[in-house]
>>> print(open('data.cif').read())   # mmCIF, C-alpha atoms
data_entry
loop_
_atom_site.label_atom_id
_atom_site.label_comp_id
_atom_site.auth_asym_id
_atom_site.auth_seq_id
_atom_site.Cartn_x
_atom_site.Cartn_y
_atom_site.Cartn_z
CA MET A 1 0.00 0.00 0.00
CA ASN A 2 1.06 3.56 -0.71
CA PRO A 3 1.93 4.99 2.73
CA HIS A 4 0.13 8.23 1.93
CA LEU A 5 -3.09 6.35 1.48
CA SER A 6 -3.59 5.02 4.94
CA PHE A 7 -2.96 6.82 8.18
CA ASN A 8 -0.05 5.81 10.40
CA GLU A 9 -0.86 3.59 13.34
CA ALA A 10 -1.14 6.39 15.91
CA ASP A 11 -3.43 8.43 13.66
CA ARG A 12 -5.59 5.41 12.84
CA GLU A 13 -5.89 4.64 16.55
CA ALA A 14 -7.02 8.21 17.19
CA VAL A 15 -9.79 7.76 14.62
CA TYR A 16 -11.02 4.51 16.18
CA ARG A 17 -10.69 6.00 19.65
CA VAL A 18 -12.81 9.05 18.88
CA ILE A 19 -15.47 6.75 17.43
CA ALA A 20 -15.39 4.50 20.52
CA GLU A 21 -15.23 7.28 23.13
CA ARG A 22 -17.94 9.53 21.67
CA ARG A 23 -20.87 9.76 24.07
CA ASP A 24 -24.37 11.19 24.00
CA VAL A 25 -23.94 13.79 26.74
CA ARG A 26 -26.81 15.31 28.72
CA ARG A 27 -25.14 16.08 32.05
CA GLY A 28 -21.95 17.62 33.41
CA PHE A 29 -21.73 20.58 31.05
CA LEU A 30 -19.41 23.32 32.31
CA ASP A 31 -20.59 26.90 32.57
CA GLU A 32 -17.87 28.08 30.19
CA PRO A 33 -18.89 29.14 26.69
CA LEU A 34 -16.92 27.70 23.80
CA PRO A 35 -14.67 30.11 21.89
CA ASP A 36 -16.03 31.19 18.51
CA ASP A 37 -13.10 29.69 16.63
CA LEU A 38 -13.73 26.28 18.18
CA ILE A 39 -17.40 26.41 17.20
CA GLY A 40 -16.25 27.40 13.72
CA ARG A 41 -13.94 24.37 13.48
CA LEU A 42 -16.72 22.01 14.55
CA LEU A 43 -19.16 23.45 12.02
CA ALA A 44 -16.54 23.34 9.24
CA ALA A 45 -16.06 19.64 10.03
CA ALA A 46 -19.83 19.16 9.83
CA HIS A 47 -20.09 21.09 6.57
CA SER A 48 -17.39 18.94 4.93
CA ALA A 49 -19.50 15.80 5.33
CA PRO A 50 -20.46 13.79 2.26
CA SER A 51 -23.52 15.20 0.52
CA VAL A 52 -25.54 13.74 -2.31
CA GLY A 53 -24.64 15.44 -5.60
CA LEU A 54 -22.35 17.74 -3.55
CA MET A 55 -25.50 19.71 -2.66
CA GLN A 56 -24.32 20.59 0.89
CA PRO A 57 -27.91 20.90 2.14
CA SER A 58 -27.20 21.32 5.88
CA ARG A 59 -28.03 24.56 7.69
CA PHE A 60 -26.99 25.30 11.28
CA ILE A 61 -28.37 27.61 13.94
CA VAL A 62 -26.00 28.14 16.88
CA ILE A 63 -28.15 29.07 19.88
CA ARG A 64 -26.57 30.82 22.83
CA GLU A 65 -29.34 33.16 24.07
CA GLN A 66 -30.56 31.95 27.42
CA ALA A 67 -34.18 32.96 26.78
CA ILE A 68 -34.32 30.79 23.67
CA ARG A 69 -32.74 27.80 25.41
CA LYS A 70 -35.27 28.21 28.22
CA ALA A 71 -38.13 28.17 25.71
CA VAL A 72 -36.69 25.05 24.05
CA PHE A 73 -36.49 23.40 27.45
CA GLN A 74 -40.22 24.04 27.96
CA ILE A 75 -40.90 22.42 24.58
CA PHE A 76 -38.85 19.43 25.74
CA GLU A 77 -40.72 19.25 29.06
CA ALA A 78 -44.11 19.06 27.38
CA ALA A 79 -42.99 16.30 25.01
CA ASN A 80 -41.23 14.44 27.80
CA ARG A 81 -44.38 14.41 29.97
CA ARG A 82 -46.29 12.83 27.10
CA ALA A 83 -43.50 10.28 26.59
CA LEU A 84 -43.48 9.39 30.30
CA ASP A 85 -47.25 8.81 30.17
CA SER A 86 -46.69 6.13 27.52
CA TYR A 87 -44.72 3.92 29.93
CA SER A 88 -46.02 2.12 33.00
CA GLY A 89 -44.72 0.32 36.08
CA GLU A 90 -41.01 -0.13 36.54
CA ARG A 91 -40.25 1.09 33.00
CA ALA A 92 -42.00 4.40 33.77
CA GLU A 93 -40.01 4.77 36.99
CA ARG A 94 -36.76 4.22 35.14
CA TYR A 95 -37.76 6.66 32.41
CA ALA A 96 -38.57 9.35 34.97
CA GLN A 97 -35.08 9.04 36.44
CA LEU A 98 -33.22 9.50 33.14
CA LYS A 99 -31.67 12.86 32.28
CA LEU A 100 -32.47 13.23 28.59
CA GLU A 101 -31.36 16.78 27.75
CA GLY A 102 -28.82 19.43 28.70
CA ILE A 103 -30.49 22.35 26.92
CA ARG A 104 -30.05 24.94 29.68
CA GLU A 105 -26.81 23.66 31.23
CA ALA A 106 -24.91 23.58 27.94
CA PRO A 107 -24.01 27.19 27.01
CA GLN A 108 -24.59 26.31 23.35
CA ASN A 109 -27.30 24.46 21.47
CA LEU A 110 -27.32 23.63 17.76
CA CYS A 111 -30.35 23.29 15.56
CA VAL A 112 -29.52 21.31 12.41
CA LEU A 113 -31.71 21.70 9.33
CA CYS A 114 -31.76 20.34 5.79
CA ASP A 115 -32.74 22.22 2.66
CA ARG A 116 -33.75 18.95 1.03
CA ALA A 117 -34.91 20.32 -2.33
CA HIS A 118 -32.12 22.87 -2.90
CA GLU A 119 -31.09 23.11 -6.54
CA ARG A 120 -27.39 22.78 -5.70
CA GLY A 121 -26.21 19.36 -6.89
CA HIS A 122 -28.71 19.47 -9.77
CA GLY A 123 -30.68 16.58 -8.29
CA LEU A 124 -27.85 14.09 -8.83
CA GLY A 125 -28.43 10.91 -6.79
CA ARG A 126 -31.77 12.16 -5.47
CA GLN A 127 -34.14 10.81 -8.12
CA THR A 128 -34.36 7.23 -6.87
CA MET A 129 -33.57 8.05 -3.22
CA PRO A 130 -34.55 11.65 -2.39
CA GLU A 131 -34.07 10.91 1.33
CA THR A 132 -30.29 11.05 0.74
CA ALA A 133 -30.45 14.85 1.11
CA ILE A 134 -31.46 14.43 4.75
CA TYR A 135 -28.97 11.59 5.18
CA SER A 136 -26.24 14.02 4.08
CA THR A 137 -27.21 16.25 6.98
CA VAL A 138 -27.06 13.33 9.42
CA CYS A 139 -23.50 12.58 8.21
CA ALA A 140 -22.70 16.22 9.02
CA ILE A 141 -24.02 15.73 12.55
CA GLN A 142 -21.81 12.69 13.09
CA ASN A 143 -18.75 14.65 11.87
CA PHE A 144 -19.64 17.42 14.33
CA TRP A 145 -20.02 14.92 17.15
CA LEU A 146 -16.65 13.24 16.53
CA ALA A 147 -14.73 16.50 16.06
CA ALA A 148 -16.32 17.76 19.29
CA ARG A 149 -15.23 14.65 21.21
CA SER A 150 -11.63 15.21 20.12
CA GLU A 151 -11.83 18.77 21.51
CA GLY A 152 -13.24 17.68 24.88
CA VAL A 153 -16.69 18.96 23.92
CA GLY A 154 -19.74 16.89 24.81
CA VAL A 155 -22.72 16.68 22.45
CA GLY A 156 -26.22 15.43 23.24
CA TRP A 157 -28.97 14.80 20.67
CA VAL A 158 -32.41 15.78 21.98
CA SER A 159 -35.22 14.20 19.94
CA ILE A 160 -37.93 14.58 22.59
CA LEU A 161 -39.30 17.82 21.13
CA ASP A 162 -42.26 18.67 18.96
CA PRO A 163 -40.58 19.97 15.77
CA ALA A 164 -43.52 22.32 15.03
CA ASP A 165 -42.80 24.23 18.25
CA ILE A 166 -39.12 24.62 17.31
CA TYR A 167 -39.98 25.93 13.82
CA LYS A 168 -42.07 28.68 15.37
CA LEU A 169 -39.56 29.60 18.08
CA LEU A 170 -36.55 29.82 15.75
CA ASN A 171 -38.32 31.35 12.69
CA ILE A 172 -37.50 28.33 10.54
CA PRO A 173 -39.16 28.45 7.11
CA ASP A 174 -41.25 25.48 6.02
CA HIS A 175 -38.99 24.42 3.16
CA LEU A 176 -36.32 23.37 5.69
CA THR A 177 -36.51 20.05 7.54
CA LEU A 178 -35.54 19.97 11.20
CA VAL A 179 -33.13 17.04 11.46
CA ALA A 180 -31.66 17.43 14.95
CA TYR A 181 -31.50 19.57 18.04
CA LEU A 182 -28.22 19.24 19.93
CA CYS A 183 -26.82 20.63 23.17
CA PHE A 184 -23.04 20.98 23.31
CA GLY A 185 -20.27 22.35 25.47
CA TYR A 186 -17.22 21.58 27.57
CA VAL A 187 -17.88 18.78 30.03
CA ALA A 188 -16.36 17.58 33.29
CA GLY A 189 -15.77 14.15 31.77
CA PHE A 190 -16.94 11.46 29.38
CA ALA A 191 -18.44 8.26 30.76
CA SER A 192 -16.88 5.00 29.63
CA GLU A 193 -20.33 3.55 28.82
CA PRO A 194 -23.48 5.06 27.29
CA ASP A 195 -25.74 6.62 29.94
CA LEU A 196 -28.69 4.47 28.88
CA GLU A 197 -26.58 1.40 29.69
CA ARG A 198 -25.19 2.83 32.95
CA PHE A 199 -28.68 3.62 34.18
CA GLY A 200 -30.25 0.32 33.21
CA TRP A 201 -32.43 1.35 30.27
CA GLU A 202 -30.85 -0.85 27.58
CA LYS A 203 -27.74 -2.94 26.91
CA ARG A 204 -25.56 -2.87 23.81
CA VAL A 205 -25.43 -6.00 21.66
CA ASP A 206 -22.41 -7.44 19.89
CA ALA A 207 -21.70 -6.25 16.34
CA LYS A 208 -21.66 -9.86 15.11
CA THR A 209 -25.40 -10.07 15.69
CA VAL A 210 -26.17 -7.46 13.03
CA ILE A 211 -24.07 -8.68 10.10
CA SER A 212 -25.03 -11.04 7.28
CA TYR A 213 -23.13 -12.05 4.15
CA ASP A 214 -24.13 -11.80 0.48
CA ARG A 215 -27.87 -11.97 1.23
CA TYR A 216 -29.92 -10.97 4.23
CA SER A 217 -30.01 -13.72 6.82
CA GLU A 218 -32.30 -13.65 9.84
CA ASP A 219 -29.94 -16.06 11.64
CA CYS A 220 -27.25 -13.54 12.35
CA VAL A 221 -29.56 -10.73 13.24
CA SER A 222 -30.67 -9.89 16.76
CA MET B 1 -9.19 21.29 30.99
CA ASN B 2 -8.59 17.78 32.20
CA PRO B 3 -6.02 16.33 29.78
CA HIS B 4 -7.92 13.04 29.60
CA LEU B 5 -10.93 14.83 28.26
CA SER B 6 -9.58 16.16 25.03
CA PHE B 7 -7.27 14.41 22.66
CA ASN B 8 -3.67 15.57 22.32
CA GLU B 9 -2.86 17.78 19.38
CA ALA B 10 -1.65 15.00 17.08
CA ASP B 11 -4.72 12.85 17.78
CA ARG B 12 -7.07 15.79 17.30
CA GLU B 13 -5.37 16.58 14.00
CA ALA B 14 -5.86 12.97 12.89
CA VAL B 15 -9.60 13.31 13.58
CA TYR B 16 -9.92 16.53 11.59
CA ARG B 17 -7.75 15.10 8.84
CA VAL B 18 -9.85 11.96 8.40
CA ILE B 19 -12.95 14.15 8.17
CA ALA B 20 -11.31 16.44 5.59
CA GLU B 21 -9.69 13.68 3.49
CA ARG B 22 -12.69 11.33 3.31
CA ARG B 23 -13.90 11.02 -0.28
CA ASP B 24 -16.84 9.46 -2.07
CA VAL B 25 -14.92 6.91 -4.13
CA ARG B 26 -16.25 5.30 -7.31
CA ARG B 27 -13.06 4.62 -9.25
CA GLY B 28 -9.58 3.24 -8.69
CA PHE B 29 -10.54 0.24 -6.56
CA LEU B 30 -7.81 -2.40 -6.37
CA ASP B 31 -8.54 -6.01 -7.17
CA GLU B 32 -7.46 -7.11 -3.68
CA PRO B 33 -10.14 -8.25 -1.25
CA LEU B 34 -10.06 -6.77 2.24
CA PRO B 35 -9.08 -9.12 5.07
CA ASP B 36 -11.99 -10.27 7.25
CA ASP B 37 -10.56 -8.69 10.38
CA LEU B 38 -10.38 -5.29 8.67
CA ILE B 39 -14.02 -5.56 7.54
CA GLY B 40 -14.86 -6.53 11.12
CA ARG B 41 -13.14 -3.42 12.52
CA LEU B 42 -15.01 -1.16 10.11
CA LEU B 43 -18.38 -2.72 10.98
CA ALA B 44 -17.64 -2.54 14.71
CA ALA B 45 -16.93 1.17 14.27
CA ALA B 46 -20.25 1.52 12.43
CA HIS B 47 -22.14 -0.45 15.06
CA SER B 48 -20.78 1.77 17.87
CA ALA B 49 -22.46 4.85 16.38
CA PRO B 50 -24.99 6.79 18.46
CA SER B 51 -28.46 5.25 18.32
CA VAL B 52 -31.72 6.61 19.63
CA GLY B 53 -32.64 4.91 22.91
CA LEU B 54 -29.54 2.72 22.40
CA MET B 55 -31.66 0.66 20.00
CA GLN B 56 -28.74 -0.16 17.64
CA PRO B 57 -31.09 -0.58 14.67
CA SER B 58 -28.49 -0.94 11.89
CA ARG B 59 -28.13 -4.19 9.94
CA PHE B 60 -25.33 -4.84 7.46
CA ILE B 61 -24.99 -7.18 4.50
CA VAL B 62 -21.40 -7.60 3.28
CA ILE B 63 -21.61 -8.57 -0.40
CA ARG B 64 -18.65 -10.25 -2.04
CA GLU B 65 -20.25 -12.67 -4.53
CA GLN B 66 -19.52 -11.47 -8.03
CA ALA B 67 -22.90 -12.60 -9.41
CA ILE B 68 -24.75 -10.47 -6.87
CA ARG B 69 -22.60 -7.42 -7.53
CA LYS B 70 -23.22 -7.87 -11.25
CA ALA B 71 -26.98 -7.96 -10.64
CA VAL B 72 -26.76 -4.81 -8.51
CA PHE B 73 -24.82 -3.11 -11.29
CA GLN B 74 -27.69 -3.88 -13.68
CA ILE B 75 -30.13 -2.31 -11.21
CA PHE B 76 -27.87 0.76 -11.14
CA GLU B 77 -27.69 0.90 -14.93
CA ALA B 78 -31.48 0.96 -15.32
CA ALA B 79 -31.88 3.73 -12.73
CA ASN B 80 -28.97 5.67 -14.20
CA ARG B 81 -30.48 5.62 -17.68
CA ARG B 82 -33.70 7.10 -16.29
CA ALA B 83 -31.67 9.74 -14.41
CA LEU B 84 -29.73 10.67 -17.55
CA ASP B 85 -33.01 11.12 -19.44
CA SER B 86 -34.03 13.80 -16.93
CA TYR B 87 -31.16 16.10 -17.95
CA SER B 88 -30.70 17.87 -21.24
CA GLY B 89 -28.05 19.73 -23.19
CA GLU B 90 -24.66 20.35 -21.62
CA ARG B 91 -25.85 19.09 -18.22
CA ALA B 92 -26.81 15.73 -19.76
CA GLU B 93 -23.40 15.48 -21.42
CA ARG B 94 -21.65 16.14 -18.13
CA TYR B 95 -23.87 13.62 -16.33
CA ALA B 96 -23.10 10.92 -18.91
CA GLN B 97 -19.38 11.38 -18.31
CA LEU B 98 -19.53 10.94 -14.52
CA LYS B 99 -18.58 7.64 -12.92
CA LEU B 100 -21.19 7.20 -10.23
CA GLU B 101 -20.56 3.69 -8.90
CA GLY B 102 -17.81 1.12 -8.32
CA ILE B 103 -20.08 -1.86 -7.68
CA ARG B 104 -18.15 -4.41 -9.76
CA GLU B 105 -14.63 -3.00 -9.36
CA ALA B 106 -14.77 -2.91 -5.57
CA PRO B 107 -14.38 -6.48 -4.26
CA GLN B 108 -16.86 -5.65 -1.49
CA ASN B 109 -20.20 -3.92 -1.34
CA LEU B 110 -22.22 -3.13 1.77
CA CYS B 111 -25.96 -2.91 2.03
CA VAL B 112 -27.01 -0.94 5.12
CA LEU B 113 -30.47 -1.44 6.57
CA CYS B 114 -32.44 -0.11 9.51
CA ASP B 115 -34.88 -2.05 11.68
CA ARG B 116 -36.71 1.17 12.48
CA ALA B 117 -39.42 -0.26 14.74
CA HIS B 118 -37.29 -2.73 16.71
CA GLU B 119 -38.34 -2.98 20.36
CA ARG B 120 -34.78 -2.50 21.60
CA GLY B 121 -34.53 0.94 23.20
CA HIS B 122 -38.17 0.70 24.31
CA GLY B 123 -39.16 3.55 22.00
CA LEU B 124 -37.13 6.14 23.93
CA GLY B 125 -36.64 9.31 21.86
CA ARG B 126 -38.74 7.97 18.99
CA GLN B 127 -42.19 9.18 19.94
CA THR B 128 -41.83 12.77 18.73
CA MET B 129 -39.21 12.01 16.07
CA PRO B 130 -39.45 8.39 14.88
CA GLU B 131 -37.11 9.18 11.99
CA THR B 132 -34.21 9.17 14.49
CA ALA B 133 -34.01 5.37 14.12
CA ILE B 134 -32.95 5.78 10.51
CA TYR B 135 -30.71 8.72 11.43
CA SER B 136 -28.90 6.37 13.84
CA THR B 137 -28.10 4.13 10.88
CA VAL B 138 -26.78 7.09 8.88
CA CYS B 139 -24.44 7.95 11.78
CA ALA B 140 -23.19 4.35 11.57
CA ILE B 141 -22.46 4.82 7.86
CA GLN B 142 -20.41 7.94 8.54
CA ASN B 143 -18.41 6.08 11.22
CA PHE B 144 -17.74 3.30 8.70
CA TRP B 145 -16.65 5.82 6.08
CA LEU B 146 -14.19 7.61 8.37
CA ALA B 147 -12.70 4.41 9.83
CA ALA B 148 -12.29 3.14 6.26
CA ARG B 149 -10.45 6.30 5.19
CA SER B 150 -7.96 5.86 8.03
CA GLU B 151 -7.28 2.30 6.77
CA GLY B 152 -6.71 3.38 3.16
CA VAL B 153 -10.10 1.97 2.16
CA GLY B 154 -12.30 3.95 -0.23
CA VAL B 155 -16.07 4.02 0.18
CA GLY B 156 -18.66 5.16 -2.35
CA TRP B 157 -22.37 5.67 -1.65
CA VAL B 158 -24.56 4.59 -4.58
CA SER B 159 -28.06 6.05 -4.36
CA ILE B 160 -28.94 5.61 -8.05
CA LEU B 161 -30.76 2.32 -7.49
CA ASP B 162 -34.40 1.33 -7.21
CA PRO B 163 -34.62 0.06 -3.61
CA ALA B 164 -37.42 -2.40 -4.53
CA ASP B 165 -35.05 -4.27 -6.85
CA ILE B 166 -32.41 -4.53 -4.10
CA TYR B 167 -34.94 -5.91 -1.59
CA LYS B 168 -35.80 -8.70 -3.99
CA LEU B 169 -32.20 -9.51 -4.92
CA LEU B 170 -30.88 -9.65 -1.36
CA ASN B 171 -33.94 -11.26 0.32
CA ILE B 172 -34.50 -8.24 2.53
CA PRO B 173 -37.72 -8.44 4.56
CA ASP B 174 -40.19 -5.57 4.35
CA HIS B 175 -39.81 -4.45 7.95
CA LEU B 176 -36.26 -3.30 7.22
CA THR B 177 -35.54 0.03 5.52
CA LEU B 178 -32.78 0.18 2.93
CA VAL B 179 -30.71 3.18 3.95
CA ALA B 180 -27.60 2.88 1.80
CA TYR B 181 -25.75 0.79 -0.73
CA LEU B 182 -21.98 1.25 -0.59
CA CYS B 183 -19.02 -0.06 -2.56
CA PHE B 184 -15.74 -0.27 -0.67
CA GLY B 185 -12.19 -1.53 -1.02
CA TYR B 186 -8.53 -0.64 -1.20
CA VAL B 187 -7.88 2.16 -3.66
CA ALA B 188 -4.91 3.44 -5.64
CA GLY B 189 -5.33 6.88 -4.06
CA PHE B 190 -7.68 9.50 -2.69
CA ALA B 191 -8.35 12.67 -4.66
CA SER B 192 -7.73 15.97 -2.91
CA GLU B 193 -11.13 17.30 -4.07
CA PRO B 194 -14.54 15.67 -4.45
CA ASP B 195 -15.01 14.04 -7.88
CA LEU B 196 -18.14 16.10 -8.56
CA GLU B 197 -16.03 19.24 -8.15
CA ARG B 198 -13.08 17.89 -10.16
CA PHE B 199 -15.35 16.99 -13.06
CA GLY B 200 -17.30 20.23 -13.09
CA TRP B 201 -20.68 19.10 -11.75
CA GLU B 202 -20.86 21.33 -8.66
CA LYS B 203 -18.67 23.52 -6.46
CA ARG B 204 -18.44 23.49 -2.69
CA VAL B 205 -19.60 26.59 -0.81
CA ASP B 206 -18.04 28.14 2.28
CA ALA B 207 -19.27 26.91 5.67
CA LYS B 208 -20.00 30.51 6.69
CA THR B 209 -22.87 30.61 4.21
CA VAL B 210 -24.85 27.94 6.08
CA ILE B 211 -24.67 29.20 9.68
CA SER B 212 -27.06 31.50 11.54
CA TYR B 213 -27.14 32.53 15.16
CA ASP B 214 -29.93 32.21 17.75
CA ARG B 215 -32.70 32.26 15.14
CA TYR B 216 -32.80 31.23 11.50
CA SER B 217 -31.61 34.01 9.25
CA GLU B 218 -31.93 33.91 5.48
CA ASP B 219 -29.06 36.42 5.20
CA CYS B 220 -26.31 33.98 6.03
CA VAL B 221 -27.71 31.10 4.05
CA SER B 222 -26.73 30.32 0.49
#
>>> encode(input="data.cif", output="structure tokens")
Amino acid sequence: MNPHLSFNEADREAVYRVIAERRDVRRGFLDEPLPDDLIGRLLAAAHSAPSVGLMQPSRFIVIREQAIRKAVFQIFEAANRRALDSYSGERAERYAQLKLEGIREAPQNLCVLCDRAHERGHGLGRQTMPETAIYSTVCAIQNFWLAARSEGVGVGWVSILDPADIYKLLNIPDHLTLVAYLCFGYVAGFASEPDLERFGWEKRVDAKTVISYDRYSEDCVS
Amino acid sequence: MNPHLSFNEADREAVYRVIAERRDVRRGFLDEPLPDDLIGRLLAAAHSAPSVGLMQPSRFIVIREQAIRKAVFQIFEAANRRALDSYSGERAERYAQLKLEGIREAPQNLCVLCDRAHERGHGLGRQTMPETAIYSTVCAIQNFWLAARSEGVGVGWVSILDPADIYKLLNIPDHLTLVAYLCFGYVAGFASEPDLERFGWEKRVDAKTVISYDRYSEDCVS
């Protein structure tokens, strides 16, 4: 192999390590805003994600105003009450104890949108699978998440929100699709296991249980 | 900052570099199959992606059989002819010259599926935004792509396919959603710019044009 092709061992290990040590963070955010240049680096990493037809459909709103974060928290609370009502017994008790957002504690939030019908890219790759525009934006989120982990910045994805409420609050036009709402900031530490595993909600399964070969096989799949 | 929190400078640079140097690869695959343990590392990296409620909904089919890859190529060809018909003039000429898949040249393909209604995760985070199950699978794809880049392995996402044809060919049950079809393998090199830019289809825009602050602003957005 051409040595320029692959990364050296230390660099390759860093890549695998950032993937393994990334966490969905909803607690332990420090009350110290991130410098603008750091936020810029993270968003540049997001923006350089793969995009179908090179359309670069992702749009980002960096939210720092406390009043807005407080209003988003209220939107979360309403949705979370409805979610809690859907569980019963021990499962409801466990759900109630989980901390599922860090909207107010994190000095920054990020609303991630997709302009799914933008003319950039001239529709290439979107005729048979138009959903790839939104998938491009999700790739951008994962880039953001990994770059953040390498900078000691925790990121949490909050999906317990009614998107319609967020559109109104943030003046988002209808032609954009809300893909994600994230909280992010410096943290006191990263847990070695996912919170949902630490607090008894769910356990991870082995990768071998989700792989088949040549054709789909139910045997290998959990 | 706690030094354990953030990566050291060299490791952080490796993370940013893998993000910047990842390419959508459809040409230049070497006729040298990847070792099983390398494929295993890439899929483990994919499987450790964030997933809503820790549901780990992604399913992977590693395709190496030549007859299957040939059949997938025919599915691509039919969709690509229809796509070409939708362009006219100079744009059609440019489209016809693009190489948009490496299905037969790459010794491996990967079909990525999502079991979007799986009970694992107990529905957490999916009540207001059920689409987050599929987004979890897209995060897994981006992990795979970045880990592959660090190993000198090129990955190309082929979305010019009729999903219904792929379901039939690979025996995929209806409850799974086809999220992506990838070709991957060792490559002779990685281009410094995206192919769609090199071959005049589209140009990248600056990250600054897609960022607003606190509320959505049309001003900053291209």
>>> closest_residue(input="data.cif", among="A:Ile39, A:Leu124, A:Ile63, A:Ala10", to="chain B", atoms="only C-alpha atoms")
A:Ile63
>>> residues_around(input="data.cif", residues="Trp145 (chain B)", least_positions_apart="4", cutoff="7 Å", atoms="all atoms listed in the file", output="PyMOL selection string")
chain B and resi 141+149+155
>>> closest_residue(input="data.cif", among="A:Arg215, A:Lys168, A:Arg126, A:Arg198", to="Ile68 (chain A)", atoms="all atoms listed in the file")
A:Lys168
>>> residues_around(input="data.cif", residues="region 12-22 of chain A", least_positions_apart="5", cutoff="8 Å", atoms="all atoms listed in the file", output="list of chain:residue names")
A:Phe7, A:Trp145, A:Leu146, A:Arg149, A:Ser150, A:Phe190, A:Ser192, B:Asp11, B:Arg12, B:Ala14, B:Val15, B:Val18, B:Ala45, B:Ser48, B:Ala49, B:Asn143, B:Leu146, B:Ala147, B:Ser150, B:Glu151
>>> closest_residue(input="data.cif", among="A:Pro35, A:Gly152, A:Gly102, A:Gly200", to="chain B", atoms="all atoms listed in the file")
A:Gly152
>>> atom_distance(input="data.cif", atom1="CA of Leu170 (chain A)", atom2="CA of Asp214 (chain B)")
7.3 Å
>>> closest_residue(input="data.cif", among="B:Trp201, B:Ala78, B:Ser212, B:Thr177", to="Val138 (chain B)", atoms="only C-alpha atoms")
B:Thr177
>>> closest_residue(input="data.cif", among="B:Leu34, B:Met55, B:Ala92, B:Ala106", to="chain A", atoms="all atoms listed in the file")
B:Met55
>>> resolve_selection(input="data.cif", expression="the PyMOL selection byres ((chain A and resi 64) around 12)", output="VMD selection string")
(chain A and resid 32 to 36 39 61 to 63 65 to 70 72 103 to 111 183 to 185) or (chain B and resid 212 to 215)
>>> atom_distance(input="data.cif", atom1="CA of Tyr167 (chain A)", atom2="CA of Ala140 (chain A)")
20.4 Å
>>> build_atoms(input="data.cif", residues="region 197-201 of chain A", atoms="all heavy atoms", output="mmCIF file, in the frame of the given file")
data_model
loop_
_atom_site.group_PDB
_atom_site.id
_atom_site.type_symbol
_atom_site.label_atom_id
_atom_site.label_comp_id
_atom_site.auth_asym_id
_atom_site.auth_seq_id
_atom_site.Cartn_x
_atom_site.Cartn_y
_atom_site.Cartn_z
ATOM 1 N N GLU A 197 -27.047 2.686 29.169
ATOM 2 C CA GLU A 197 -26.580 1.400 29.690
ATOM 3 C C GLU A 197 -26.250 1.537 31.181
ATOM 4 O O GLU A 197 -26.670 0.711 31.997
ATOM 5 C CB GLU A 197 -25.354 0.939 28.893
ATOM 6 C CG GLU A 197 -25.009 -0.525 29.109
ATOM 7 C CD GLU A 197 -24.038 -1.053 28.039
ATOM 8 O OE1 GLU A 197 -22.820 -0.833 28.163
ATOM 9 O OE2 GLU A 197 -24.505 -1.674 27.078
ATOM 10 N N ARG A 198 -25.547 2.617 31.536
ATOM 11 C CA ARG A 198 -25.190 2.830 32.950
ATOM 12 C C ARG A 198 -26.414 2.874 33.846
ATOM 13 O O ARG A 198 -26.383 2.420 34.990
ATOM 14 C CB ARG A 198 -24.457 4.185 33.110
ATOM 15 C CG ARG A 198 -23.060 4.188 32.580
ATOM 16 C CD ARG A 198 -22.247 5.286 33.239
ATOM 17 N NE ARG A 198 -22.704 6.634 32.874
ATOM 18 C CZ ARG A 198 -22.421 7.728 33.586
ATOM 19 N NH1 ARG A 198 -21.736 7.630 34.737
ATOM 20 N NH2 ARG A 198 -22.838 8.919 33.181
ATOM 21 N N PHE A 199 -27.507 3.446 33.340
ATOM 22 C CA PHE A 199 -28.680 3.620 34.180
ATOM 23 C C PHE A 199 -29.777 2.588 33.910
ATOM 24 O O PHE A 199 -30.938 2.769 34.266
ATOM 25 C CB PHE A 199 -29.198 5.066 34.076
ATOM 26 C CG PHE A 199 -28.175 6.065 34.547
ATOM 27 C CD1 PHE A 199 -27.530 6.912 33.647
ATOM 28 C CD2 PHE A 199 -27.804 6.126 35.888
ATOM 29 C CE1 PHE A 199 -26.556 7.812 34.075
ATOM 30 C CE2 PHE A 199 -26.832 7.024 36.328
ATOM 31 C CZ PHE A 199 -26.203 7.869 35.413
ATOM 32 N N GLY A 200 -29.375 1.485 33.268
ATOM 33 C CA GLY A 200 -30.250 0.320 33.210
ATOM 34 C C GLY A 200 -31.406 0.384 32.235
ATOM 35 O O GLY A 200 -32.371 -0.377 32.357
ATOM 36 N N TRP A 201 -31.328 1.285 31.230
ATOM 37 C CA TRP A 201 -32.430 1.350 30.270
ATOM 38 C C TRP A 201 -32.306 0.277 29.183
ATOM 39 O O TRP A 201 -33.277 -0.370 28.805
ATOM 40 C CB TRP A 201 -32.496 2.748 29.620
ATOM 41 C CG TRP A 201 -33.652 2.913 28.691
ATOM 42 C CD1 TRP A 201 -33.637 2.801 27.319
ATOM 43 C CD2 TRP A 201 -35.005 3.184 29.044
ATOM 44 N NE1 TRP A 201 -34.895 3.000 26.816
ATOM 45 C CE2 TRP A 201 -35.762 3.237 27.858
ATOM 46 C CE3 TRP A 201 -35.670 3.394 30.277
ATOM 47 C CZ2 TRP A 201 -37.130 3.493 27.835
ATOM 48 C CZ3 TRP A 201 -37.040 3.651 30.259
ATOM 49 C CH2 TRP A 201 -37.750 3.700 29.055
#
